[in-house]
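What follows is the content of model-v4.cif (mmCIF, C-alpha atoms and all ligand atoms).
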```cif
data_upload
loop_
_atom_site.label_atom_id
_atom_site.label_comp_id
_atom_site.auth_asym_id
_atom_site.auth_seq_id
_atom_site.Cartn_x
_atom_site.Cartn_y
_atom_site.Cartn_z
CA MET G 1 -11.11 21.11 -6.10
CA GLN G 2 -14.40 19.67 -7.40
CA SER G 3 -14.57 15.88 -7.40
CA THR G 4 -15.85 14.07 -10.50
CA PRO G 5 -18.21 11.05 -10.50
CA GLU G 6 -15.41 8.83 -11.85
CA ALA G 7 -13.10 9.80 -8.98
CA ALA G 8 -15.56 8.82 -6.23
CA PRO G 9 -14.47 5.44 -4.81
CA LYS G 10 -16.96 2.79 -6.01
CA ALA G 11 -18.08 -0.37 -4.19
CA GLY G 12 -17.70 -4.09 -4.84
CA ALA G 13 -16.75 -5.34 -8.29
CA ALA G 14 -16.99 -1.82 -9.73
CA ARG G 15 -14.33 -0.69 -7.22
CA GLU G 16 -11.98 -3.48 -8.32
CA GLU G 17 -12.40 -2.44 -11.94
CA GLN G 18 -11.96 1.22 -11.06
CA VAL G 19 -8.73 0.58 -9.12
CA GLN G 20 -7.27 -1.75 -11.73
CA GLN G 21 -8.05 0.83 -14.42
CA ILE G 22 -6.50 3.72 -12.48
CA PHE G 23 -3.21 1.97 -11.73
CA SER G 24 -2.94 0.44 -15.19
CA GLU G 25 -3.35 3.90 -16.72
CA ILE G 26 -1.03 5.85 -14.41
CA ALA G 27 1.68 3.16 -14.26
CA PRO G 28 4.19 5.03 -16.51
CA ARG G 29 4.10 8.10 -14.23
CA TYR G 30 3.45 6.39 -10.88
CA ASP G 31 7.00 6.44 -9.50
CA LEU G 32 7.71 10.02 -10.49
CA LEU G 33 4.46 11.29 -9.02
CA ASN G 34 4.83 9.21 -5.89
CA HIS G 35 8.15 10.75 -4.96
CA VAL G 36 7.31 14.28 -6.12
CA LEU G 37 3.90 14.44 -4.46
CA SER G 38 5.17 12.99 -1.19
CA LEU G 39 8.31 15.19 -1.32
CA ASN G 40 10.23 11.91 -1.10
CA ILE G 41 8.97 11.24 2.43
CA ASP G 42 7.42 8.00 1.18
CA LYS G 43 10.89 6.43 1.11
CA SER G 44 11.36 6.85 4.85
CA TRP G 45 7.84 5.48 5.48
CA ARG G 46 8.67 2.32 3.53
CA ARG G 47 11.94 1.99 5.47
CA ARG G 48 10.08 2.18 8.74
CA ALA G 49 7.48 -0.32 7.56
CA VAL G 50 10.19 -2.88 6.73
CA ASP G 51 11.86 -2.16 10.10
CA THR G 52 8.56 -3.26 11.70
CA LEU G 53 8.35 -6.57 9.83
CA GLU G 54 10.69 -8.59 12.10
CA TRP G 55 12.25 -10.21 9.03
CA GLU G 56 15.67 -10.45 10.74
CA GLY G 57 14.52 -13.58 12.64
CA ARG G 58 14.06 -15.32 9.24
CA ALA G 59 16.42 -13.51 6.92
CA ASP G 60 16.25 -16.44 4.47
CA GLY G 61 12.44 -16.67 4.52
CA THR G 62 9.81 -16.10 1.84
CA TYR G 63 7.94 -12.79 2.15
CA LEU G 64 4.89 -11.42 0.40
CA ASP G 65 4.57 -7.81 -0.72
CA ALA G 66 0.91 -7.57 -1.77
CA CYS G 67 -0.37 -4.69 -3.93
CA ALA G 68 3.30 -4.32 -4.81
CA GLY G 69 2.90 -1.88 -7.69
CA THR G 70 6.34 -0.97 -9.02
CA TYR G 71 8.14 -2.84 -6.19
CA ASP G 72 9.33 0.00 -3.95
CA LEU G 73 8.36 -1.79 -0.74
CA ALA G 74 9.56 -5.18 -2.00
CA LEU G 75 12.89 -3.57 -2.93
CA GLU G 76 13.18 -1.96 0.50
CA LEU G 77 13.24 -5.46 2.00
CA ALA G 78 15.20 -7.24 -0.75
CA LYS G 79 17.99 -4.65 -0.63
CA ARG G 80 18.68 -5.00 3.09
CA PRO G 81 22.30 -6.19 3.28
CA SER G 82 21.63 -9.22 5.48
CA PHE G 83 18.42 -10.28 3.70
CA ARG G 84 18.90 -13.66 2.00
CA GLY G 85 15.28 -14.63 1.34
CA ASP G 86 12.72 -14.10 -1.44
CA VAL G 87 10.04 -11.48 -1.89
CA VAL G 88 6.95 -12.45 -3.86
CA ALA G 89 5.57 -9.18 -5.22
CA SER G 90 1.92 -9.50 -6.25
CA ASP G 91 -0.40 -6.99 -7.89
CA PHE G 92 -3.43 -7.21 -10.15
CA ALA G 93 -2.42 -4.28 -12.38
CA GLN G 94 -0.01 -5.90 -14.81
CA PRO G 95 1.21 -2.52 -16.21
CA MET G 96 2.44 -1.55 -12.70
CA LEU G 97 4.47 -4.76 -12.40
CA ALA G 98 5.80 -4.32 -15.95
CA GLU G 99 6.73 -0.67 -15.36
CA GLY G 100 8.82 -1.51 -12.31
CA LEU G 101 10.71 -4.44 -13.83
CA GLY G 102 13.70 -2.26 -14.73
CA LYS G 103 14.25 -1.49 -11.03
CA ILE G 104 14.56 -5.13 -10.04
CA THR G 105 18.22 -5.94 -9.93
CA GLU G 106 17.59 -8.32 -7.03
CA ALA G 107 16.94 -11.85 -8.28
CA SER G 108 15.14 -12.37 -4.98
CA ILE G 109 12.03 -10.47 -6.13
CA ARG G 110 9.44 -12.60 -7.89
CA PRO G 111 6.57 -10.69 -9.55
CA VAL G 112 3.15 -12.37 -9.59
CA CYS G 113 0.05 -10.95 -11.24
CA GLY G 114 -2.68 -11.69 -8.71
CA ASP G 115 -5.64 -10.26 -6.83
CA SER G 116 -5.13 -9.64 -3.10
CA LEU G 117 -8.75 -10.64 -2.51
CA ARG G 118 -8.05 -14.10 -3.92
CA LEU G 119 -4.33 -14.62 -3.41
CA PRO G 120 -2.96 -17.36 -5.66
CA PHE G 121 -0.98 -18.97 -2.80
CA GLY G 122 -1.55 -21.81 -0.36
CA ASP G 123 -2.17 -21.47 3.39
CA ASP G 124 0.68 -20.70 5.84
CA VAL G 125 3.39 -20.16 3.22
CA PHE G 126 4.90 -16.72 4.00
CA ASP G 127 7.29 -15.68 6.76
CA GLY G 128 5.93 -12.14 6.68
CA ALA G 129 3.82 -9.85 4.51
CA THR G 130 3.75 -6.15 3.68
CA VAL G 131 1.19 -3.96 1.92
CA GLY G 132 2.14 -0.38 1.00
CA PHE G 133 -0.73 1.98 0.16
CA GLY G 134 -2.74 -0.99 -1.06
CA VAL G 135 -5.38 -1.90 1.52
CA ARG G 136 -7.21 1.41 1.06
CA ASN G 137 -7.91 0.34 -2.51
CA LEU G 138 -9.31 -3.09 -1.71
CA ALA G 139 -12.94 -3.47 -2.71
CA ARG G 140 -13.51 -5.73 0.32
CA LEU G 141 -11.02 -4.84 3.03
CA GLU G 142 -12.08 -7.59 5.45
CA GLN G 143 -11.65 -10.22 2.72
CA GLY G 144 -8.17 -8.90 1.90
CA LEU G 145 -7.08 -8.97 5.55
CA ALA G 146 -8.41 -12.53 5.86
CA GLU G 147 -6.39 -13.51 2.79
CA PHE G 148 -3.17 -12.04 4.28
CA GLN G 149 -3.89 -13.93 7.50
CA ARG G 150 -4.46 -17.18 5.57
CA VAL G 151 -1.20 -17.10 3.61
CA LEU G 152 0.99 -16.14 6.59
CA LYS G 153 2.63 -18.80 8.74
CA PRO G 154 1.25 -18.72 12.28
CA GLY G 155 3.04 -16.14 14.41
CA ARG G 156 4.42 -14.16 11.49
CA ARG G 157 3.72 -10.48 10.88
CA LEU G 158 1.61 -8.46 8.50
CA VAL G 159 2.74 -4.82 8.15
CA VAL G 160 0.48 -2.32 6.42
CA LEU G 161 1.54 1.19 5.43
CA GLU G 162 -1.37 3.43 4.58
CA PHE G 163 -2.42 7.06 4.38
CA THR G 164 -4.60 8.41 7.14
CA VAL G 165 -6.02 11.73 8.26
CA PRO G 166 -3.79 13.64 10.74
CA PRO G 167 -5.37 14.00 14.21
CA ASN G 168 -3.90 17.46 14.91
CA PRO G 169 -6.24 20.18 13.52
CA ILE G 170 -3.39 22.43 12.34
CA VAL G 171 -1.55 19.62 10.54
CA ARG G 172 -4.94 18.44 9.22
CA ALA G 173 -5.72 21.85 7.72
CA GLY G 174 -2.41 21.87 5.81
CA TYR G 175 -2.96 18.27 4.78
CA HIS G 176 -6.45 19.03 3.44
CA MET G 177 -5.18 21.98 1.46
CA TYR G 178 -2.40 19.88 -0.06
CA PHE G 179 -4.33 16.63 -0.59
CA HIS G 180 -7.53 18.14 -1.94
CA HIS G 181 -6.22 21.15 -3.87
CA VAL G 182 -2.53 20.78 -4.81
CA LEU G 183 -2.19 17.02 -5.32
CA PRO G 184 -5.12 16.55 -7.76
CA VAL G 185 -3.89 19.41 -9.96
CA VAL G 186 -0.22 18.36 -10.05
CA GLY G 187 -1.29 14.73 -10.46
CA ARG G 188 -3.56 15.56 -13.38
CA ILE G 189 -0.90 17.63 -15.17
CA VAL G 190 1.97 15.16 -14.72
CA SER G 191 0.06 11.89 -15.16
CA GLY G 192 -2.23 13.21 -17.90
CA HIS G 193 -5.01 11.28 -16.16
CA PRO G 194 -8.13 13.42 -15.64
CA TRP G 195 -9.24 12.07 -12.24
CA ALA G 196 -6.85 9.42 -10.80
CA TYR G 197 -5.29 11.90 -8.39
CA THR G 198 -8.71 13.11 -7.27
CA TYR G 199 -9.58 9.49 -6.40
CA LEU G 200 -6.58 9.32 -4.04
CA PRO G 201 -7.74 11.89 -1.42
CA GLU G 202 -11.33 10.68 -1.81
CA SER G 203 -10.25 7.13 -1.00
CA VAL G 204 -8.31 8.29 2.09
CA LYS G 205 -11.33 10.26 3.31
CA GLU G 206 -13.61 7.23 3.29
CA PHE G 207 -11.01 4.78 4.67
CA PRO G 208 -11.30 3.62 8.33
CA GLY G 209 -9.03 5.44 10.81
CA PRO G 210 -6.17 3.63 12.62
CA GLN G 211 -8.29 2.40 15.55
CA ALA G 212 -10.98 0.98 13.26
CA LEU G 213 -8.38 -0.61 10.97
CA SER G 214 -6.67 -2.18 13.97
CA GLU G 215 -10.02 -3.70 15.02
CA LEU G 216 -10.45 -5.10 11.50
CA PHE G 217 -7.01 -6.73 11.84
CA GLU G 218 -8.28 -8.42 15.00
CA SER G 219 -11.55 -9.53 13.38
CA ALA G 220 -9.48 -11.09 10.59
CA GLY G 221 -7.63 -13.19 13.19
CA PHE G 222 -4.49 -11.13 13.82
CA GLY G 223 -3.14 -10.82 17.36
CA GLU G 224 -0.64 -8.42 18.98
CA THR G 225 -1.90 -5.65 16.73
CA GLY G 226 -0.68 -2.09 16.90
CA TRP G 227 0.00 1.00 14.86
CA LYS G 228 2.07 4.15 14.86
CA LEU G 229 1.44 7.39 13.05
CA VAL G 230 4.25 8.78 10.90
CA SER G 231 4.90 12.34 9.70
CA GLY G 232 2.28 13.90 11.95
CA GLY G 233 -0.33 11.31 11.03
CA ILE G 234 -0.32 11.65 7.25
CA ALA G 235 0.37 7.94 7.18
CA ALA G 236 0.22 5.06 9.63
CA ILE G 237 2.11 1.79 9.97
CA HIS G 238 -0.05 -1.09 11.22
CA TRP G 239 1.04 -4.54 12.30
CA GLY G 240 -0.48 -7.76 13.51
CA ARG G 241 0.59 -11.36 14.08
CA ALA G 242 -1.09 -14.24 12.21
C1 LIG G 301 -0.82 3.07 -4.44
S1 LIG G 301 -0.20 1.66 -5.25
C2 LIG G 301 1.05 1.12 -4.13
C3 LIG G 301 2.18 0.37 -4.77
C4 LIG G 301 3.34 0.02 -3.85
N1 LIG G 301 2.94 -0.90 -2.81
C5 LIG G 301 3.98 1.24 -3.25
O1 LIG G 301 4.24 1.23 -2.03
O2 LIG G 301 4.27 2.17 -3.99
C6 LIG G 301 -1.51 0.51 -4.96
C7 LIG G 301 -1.34 -0.79 -5.73
O3 LIG G 301 -2.29 -1.72 -5.21
C8 LIG G 301 -2.74 -2.51 -6.30
N2 LIG G 301 -4.02 -3.13 -5.94
C9 LIG G 301 -5.14 -2.51 -5.52
N3 LIG G 301 -6.10 -3.42 -5.29
C10 LIG G 301 -5.56 -4.64 -5.55
C11 LIG G 301 -6.05 -5.97 -5.48
N4 LIG G 301 -7.31 -6.24 -5.14
N5 LIG G 301 -5.21 -6.96 -5.81
C12 LIG G 301 -3.94 -6.71 -6.19
N6 LIG G 301 -3.42 -5.47 -6.29
C13 LIG G 301 -4.22 -4.45 -5.96
C14 LIG G 301 -2.85 -1.52 -7.45
O4 LIG G 301 -2.87 -2.15 -8.70
C15 LIG G 301 -1.59 -0.66 -7.21
O5 LIG G 301 -0.50 -1.13 -7.93
#
```
As structure tokens, how would this structure be written, given the file I've shared?
Amino acid sequence: MQSTPEAAPKAGAAREEQVQQIFSEIAPRYDLLNHVLSLNIDKSWRRRAVDTLEWEGRADGTYLDACAGTYDLALELAKRPSFRGDVVASDFAQPMLAEGLGKITEASIRPVCGDSLRLPFGDDVFDGATVGFGVRNLARLEQGLAEFQRVLKPGRRLVVLEFTVPPNPIVRAGYHMYFHHVLPVVGRIVSGHPWAYTYLPESVKEFPGPQALSELFESAGFGETGWKLVSGGIAAIHWGRA
């Protein structure tokens, strides 16, 4: 599938505008496309991400889900039977937060419209933080990681769930076929957006691999970092301690 100039990930302020525009425009179809295009596997990835958060030690704590979109990752934590805390769900695309409001039956989720590169929170306030499929979209990744580090209480975990490129050549070939040929077409038809679902594979292609991302966690001040690949390396779960 031919890329278009609009779909190529931009840099700096133009990237922020591009990302905000994409998610604001696809918000009404985001959930449907998410589950259809991932064949519902995304649910199990979010489950595993929350399993990695170590929230059980502070079940009544305050957690951040940054780049929260329509709250699927925030809900995964808030709905855990023994969870008694709060989840602050922040995103800079207001239409995404608005679209997901109907799913929030948990009073413990608090939506906040805010930019992950300039989080509207004080230092050392959260007992844990998650980001699902968000960091790849950040115009300045290092700045975003530093912000997550700043708002976390010392010793608490950041967990990042993100797409990556599978290391196995056979899985990678299938992945390329799907991501670059099937997904943009289905995405365009269902969302009605001409290029948003071409941006997605393009943004994965230019995103650092797990080892490089793990090193960026360390440069941002996180310790005890690690990652695991899920579903043959289509996605990865990263963690680090503030
Ligand atoms: C692919 S969606 C993921 C939503 C949700 N976390 C999930 O797991 O489905 C990426 C979200 O990140 C948000 N986002 C990207 N860059 C952001 C930034 N700088 N500040 C806040 N939100 C951002 C977008 O608006 C979008 O809602």
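Relative to atom CA of G:Asp51, atom C15 of ligand LIG 301 (chain G) is found at 22.0 Å.
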List the residues sitting within 10 Å of (7.1, 2.4, 5.1) in the file's frame, using all atoms listed in the file, as a list in words.
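Result, sorted by chain then residue number: Ile41, Asp42, Lys43, Ser44, Trp45, Arg46, Arg47, Arg48, Ala49, Val50, Asp51, Thr52, Asp72, Leu73, Glu76, Thr130, Val131, Gly132, Phe133, Val159, Val160, Leu161, Glu162, Val230, Ala235, Ala236 and Ile237 of chain G.
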Please, what is the axis-aligned box for every listed atom of ligand LIG 301 (chain G) with 3 Å on each side, as centre and edge lengths in Å to one decimal, as lines of an AutoDock Vina configuration file?
```
center_x = -1.5
center_y = -1.9
center_z = -5.4
size_x = 17.6
size_y = 16.0
size_z = 12.7
```
Which residues sit within 8 Å of ligand LIG 301 (chain G), counting all atoms listed in the file, listed as a PDB file with C-alpha atoms, in the frame of the given file?
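Dumped everything to out.pdb:
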```
ATOM      1  CA  GLU G  16     -11.980  -3.480  -8.320  1.00  0.00           C
ATOM      2  CA  VAL G  19      -8.730   0.580  -9.120  1.00  0.00           C
ATOM      3  CA  GLN G  20      -7.270  -1.750 -11.730  1.00  0.00           C
ATOM      4  CA  ILE G  22      -6.500   3.720 -12.480  1.00  0.00           C
ATOM      5  CA  PHE G  23      -3.210   1.970 -11.730  1.00  0.00           C
ATOM      6  CA  SER G  24      -2.940   0.440 -15.190  1.00  0.00           C
ATOM      7  CA  ALA G  27       1.680   3.160 -14.260  1.00  0.00           C
ATOM      8  CA  ASP G  31       7.000   6.440  -9.500  1.00  0.00           C
ATOM      9  CA  ASN G  34       4.830   9.210  -5.890  1.00  0.00           C
ATOM     10  CA  ARG G  46       8.670   2.320   3.530  1.00  0.00           C
ATOM     11  CA  ASP G  65       4.570  -7.810  -0.720  1.00  0.00           C
ATOM     12  CA  ALA G  66       0.910  -7.570  -1.770  1.00  0.00           C
ATOM     13  CA  CYS G  67      -0.370  -4.690  -3.930  1.00  0.00           C
ATOM     14  CA  ALA G  68       3.300  -4.320  -4.810  1.00  0.00           C
ATOM     15  CA  GLY G  69       2.900  -1.880  -7.690  1.00  0.00           C
ATOM     16  CA  THR G  70       6.340  -0.970  -9.020  1.00  0.00           C
ATOM     17  CA  TYR G  71       8.140  -2.840  -6.190  1.00  0.00           C
ATOM     18  CA  ASP G  72       9.330   0.000  -3.950  1.00  0.00           C
ATOM     19  CA  LEU G  73       8.360  -1.790  -0.740  1.00  0.00           C
ATOM     20  CA  ALA G  74       9.560  -5.180  -2.000  1.00  0.00           C
ATOM     21  CA  SER G  90       1.920  -9.500  -6.250  1.00  0.00           C
ATOM     22  CA  ASP G  91      -0.400  -6.990  -7.890  1.00  0.00           C
ATOM     23  CA  PHE G  92      -3.430  -7.210 -10.150  1.00  0.00           C
ATOM     24  CA  ALA G  93      -2.420  -4.280 -12.380  1.00  0.00           C
ATOM     25  CA  GLN G  94      -0.010  -5.900 -14.810  1.00  0.00           C
ATOM     26  CA  MET G  96       2.440  -1.550 -12.700  1.00  0.00           C
ATOM     27  CA  LEU G  97       4.470  -4.760 -12.400  1.00  0.00           C
ATOM     28  CA  CYS G 113       0.050 -10.950 -11.240  1.00  0.00           C
ATOM     29  CA  GLY G 114      -2.680 -11.690  -8.710  1.00  0.00           C
ATOM     30  CA  ASP G 115      -5.640 -10.260  -6.830  1.00  0.00           C
ATOM     31  CA  SER G 116      -5.130  -9.640  -3.100  1.00  0.00           C
ATOM     32  CA  LEU G 117      -8.750 -10.640  -2.510  1.00  0.00           C
ATOM     33  CA  ARG G 118      -8.050 -14.100  -3.920  1.00  0.00           C
ATOM     34  CA  VAL G 131       1.190  -3.960   1.920  1.00  0.00           C
ATOM     35  CA  GLY G 132       2.140  -0.380   1.000  1.00  0.00           C
ATOM     36  CA  PHE G 133      -0.730   1.980   0.160  1.00  0.00           C
ATOM     37  CA  GLY G 134      -2.740  -0.990  -1.060  1.00  0.00           C
ATOM     38  CA  VAL G 135      -5.380  -1.900   1.520  1.00  0.00           C
ATOM     39  CA  ARG G 136      -7.210   1.410   1.060  1.00  0.00           C
ATOM     40  CA  ASN G 137      -7.910   0.340  -2.510  1.00  0.00           C
ATOM     41  CA  LEU G 138      -9.310  -3.090  -1.710  1.00  0.00           C
ATOM     42  CA  ALA G 139     -12.940  -3.470  -2.710  1.00  0.00           C
ATOM     43  CA  GLY G 144      -8.170  -8.900   1.900  1.00  0.00           C
ATOM     44  CA  LEU G 161       1.540   1.190   5.430  1.00  0.00           C
TER      45      LEU G 161
END
```
Among the residues G:Val151, G:Val165, G:Val204, G:Met177, the one that comes closest to G:Gly233 [using all atoms listed in the file]:
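Checking each of G:Val151, G:Val165, G:Val204, G:Met177 against G:Gly233, counting all atoms listed in the file, the winner is G:Val165.
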Mind pulling up the distance from atom CA of G:Ala173 to atom CA of G:Arg188?
22.1 Å
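You will find atom CA of G:Tyr63 at 11.3 Å from atom CA of G:Phe148.
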What residues have an atom no more than 12 Å from (7.9, 17.8, 2.8) in the file's own frame, counting all atoms listed in the file, and can you write them as a PDB file with C-alpha atoms, keeping the file's coordinate frame?
```
ATOM      1  CA  HIS G  35       8.150  10.750  -4.960  1.00  0.00           C
ATOM      2  CA  VAL G  36       7.310  14.280  -6.120  1.00  0.00           C
ATOM      3  CA  LEU G  37       3.900  14.440  -4.460  1.00  0.00           C
ATOM      4  CA  SER G  38       5.170  12.990  -1.190  1.00  0.00           C
ATOM      5  CA  LEU G  39       8.310  15.190  -1.320  1.00  0.00           C
ATOM      6  CA  ASN G  40      10.230  11.910  -1.100  1.00  0.00           C
ATOM      7  CA  ILE G  41       8.970  11.240   2.430  1.00  0.00           C
ATOM      8  CA  ASP G  42       7.420   8.000   1.180  1.00  0.00           C
ATOM      9  CA  LYS G  43      10.890   6.430   1.110  1.00  0.00           C
ATOM     10  CA  SER G  44      11.360   6.850   4.850  1.00  0.00           C
ATOM     11  CA  GLY G 174      -2.410  21.870   5.810  1.00  0.00           C
ATOM     12  CA  TYR G 175      -2.960  18.270   4.780  1.00  0.00           C
ATOM     13  CA  TYR G 178      -2.400  19.880  -0.060  1.00  0.00           C
ATOM     14  CA  SER G 231       4.900  12.340   9.700  1.00  0.00           C
ATOM     15  CA  GLY G 232       2.280  13.900  11.950  1.00  0.00           C
ATOM     16  CA  ILE G 234      -0.320  11.650   7.250  1.00  0.00           C
TER      17      ILE G 234
END
```
Choose the residue, out of G:Arg156, G:Gln211, G:Gly122, G:Pro184, that has the smallest atom-to-atom separation from G:Tyr199; count only C-alpha atoms.
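Looking only at the distances to G:Tyr199, the closest residue turns out to be G:Pro184.
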With all atoms listed in the file as the basis for distance, which of G:Gly100, G:Gly226, G:Gly128, G:Gly85 is at the shortest distance from G:Arg157?
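Ranking G:Gly100, G:Gly226, G:Gly128, G:Gly85 by distance to G:Arg157, first place goes to G:Gly128.
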Env of G:Asp127: 9 Å cut, atoms = only C-alpha atoms, seq-sep filter 3 positions within chain, self excluded. Answer as a list in words.
Trp55, Arg58, Gly61, Thr62, Tyr63, Leu64, Asp124, Leu152, Lys153, Pro154, Gly155, Arg156 and Arg157 of chain G
Quick one: residues within 12 Å of G:Glu202, only C-alpha atoms, excluding same-chain residues fewer than 2 positions away - as a PDB file with C-alpha atoms, in the frame of the given file?
```
ATOM      1  CA  MET G   1     -11.110  21.110  -6.100  1.00  0.00           C
ATOM      2  CA  GLN G   2     -14.400  19.670  -7.400  1.00  0.00           C
ATOM      3  CA  SER G   3     -14.570  15.880  -7.400  1.00  0.00           C
ATOM      4  CA  THR G   4     -15.850  14.070 -10.500  1.00  0.00           C
ATOM      5  CA  PRO G   5     -18.210  11.050 -10.500  1.00  0.00           C
ATOM      6  CA  GLU G   6     -15.410   8.830 -11.850  1.00  0.00           C
ATOM      7  CA  ALA G   7     -13.100   9.800  -8.980  1.00  0.00           C
ATOM      8  CA  ALA G   8     -15.560   8.820  -6.230  1.00  0.00           C
ATOM      9  CA  PRO G   9     -14.470   5.440  -4.810  1.00  0.00           C
ATOM     10  CA  LYS G  10     -16.960   2.790  -6.010  1.00  0.00           C
ATOM     11  CA  ARG G 136      -7.210   1.410   1.060  1.00  0.00           C
ATOM     12  CA  ASN G 137      -7.910   0.340  -2.510  1.00  0.00           C
ATOM     13  CA  PHE G 163      -2.420   7.060   4.380  1.00  0.00           C
ATOM     14  CA  THR G 164      -4.600   8.410   7.140  1.00  0.00           C
ATOM     15  CA  VAL G 165      -6.020  11.730   8.260  1.00  0.00           C
ATOM     16  CA  HIS G 176      -6.450  19.030   3.440  1.00  0.00           C
ATOM     17  CA  PHE G 179      -4.330  16.630  -0.590  1.00  0.00           C
ATOM     18  CA  HIS G 180      -7.530  18.140  -1.940  1.00  0.00           C
ATOM     19  CA  HIS G 181      -6.220  21.150  -3.870  1.00  0.00           C
ATOM     20  CA  LEU G 183      -2.190  17.020  -5.320  1.00  0.00           C
ATOM     21  CA  PRO G 184      -5.120  16.550  -7.760  1.00  0.00           C
ATOM     22  CA  TRP G 195      -9.240  12.070 -12.240  1.00  0.00           C
ATOM     23  CA  ALA G 196      -6.850   9.420 -10.800  1.00  0.00           C
ATOM     24  CA  TYR G 197      -5.290  11.900  -8.390  1.00  0.00           C
ATOM     25  CA  THR G 198      -8.710  13.110  -7.270  1.00  0.00           C
ATOM     26  CA  TYR G 199      -9.580   9.490  -6.400  1.00  0.00           C
ATOM     27  CA  LEU G 200      -6.580   9.320  -4.040  1.00  0.00           C
ATOM     28  CA  VAL G 204      -8.310   8.290   2.090  1.00  0.00           C
ATOM     29  CA  LYS G 205     -11.330  10.260   3.310  1.00  0.00           C
ATOM     30  CA  GLU G 206     -13.610   7.230   3.290  1.00  0.00           C
ATOM     31  CA  PHE G 207     -11.010   4.780   4.670  1.00  0.00           C
TER      32      PHE G 207
END
```
Find the residue from G:Pro120, G:Gly192, G:Gly187, G:Pro111 that sits nearest to G:Ala98; use only C-alpha atoms when measuring.
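Closest candidate: G:Pro111.
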Which residue of G:Ile109, G:Ala89, G:Glu142, G:Leu158 approaches G:Pro208 most closely, using all atoms listed in the file
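Smallest separation from G:Pro208 among the options: G:Glu142.
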Output of stretch 21-44 of chain G limited to C-alpha atoms, as a tab-separated table (two decimals), in the first residue's frame:
```
chain	number	residue	atom	x	y	z
G	21	GLN	CA	-5.82	15.50	14.69
G	22	ILE	CA	-5.75	11.78	13.88
G	23	PHE	CA	-7.15	10.63	17.21
G	24	SER	CA	-9.73	13.41	17.39
G	25	GLU	CA	-10.99	12.42	13.94
G	26	ILE	CA	-11.04	8.63	14.39
G	27	ALA	CA	-12.41	8.72	17.96
G	28	PRO	CA	-15.95	7.52	17.04
G	29	ARG	CA	-14.56	4.37	15.36
G	30	TYR	CA	-11.45	3.83	17.49
G	31	ASP	CA	-12.77	1.07	19.76
G	32	LEU	CA	-14.38	-0.92	16.99
G	33	LEU	CA	-11.30	-0.78	14.80
G	34	ASN	CA	-8.98	-1.52	17.69
G	35	HIS	CA	-10.66	-4.80	18.52
G	36	VAL	CA	-11.38	-5.82	14.92
G	37	LEU	CA	-7.92	-5.03	13.59
G	38	SER	CA	-6.15	-6.73	16.49
G	39	LEU	CA	-8.58	-9.70	16.35
G	40	ASN	CA	-9.31	-8.87	20.00
G	41	ILE	CA	-5.77	-9.82	21.06
G	42	ASP	CA	-5.30	-6.29	22.37
G	43	LYS	CA	-7.47	-7.17	25.39
G	44	SER	CA	-5.05	-9.84	26.57
```
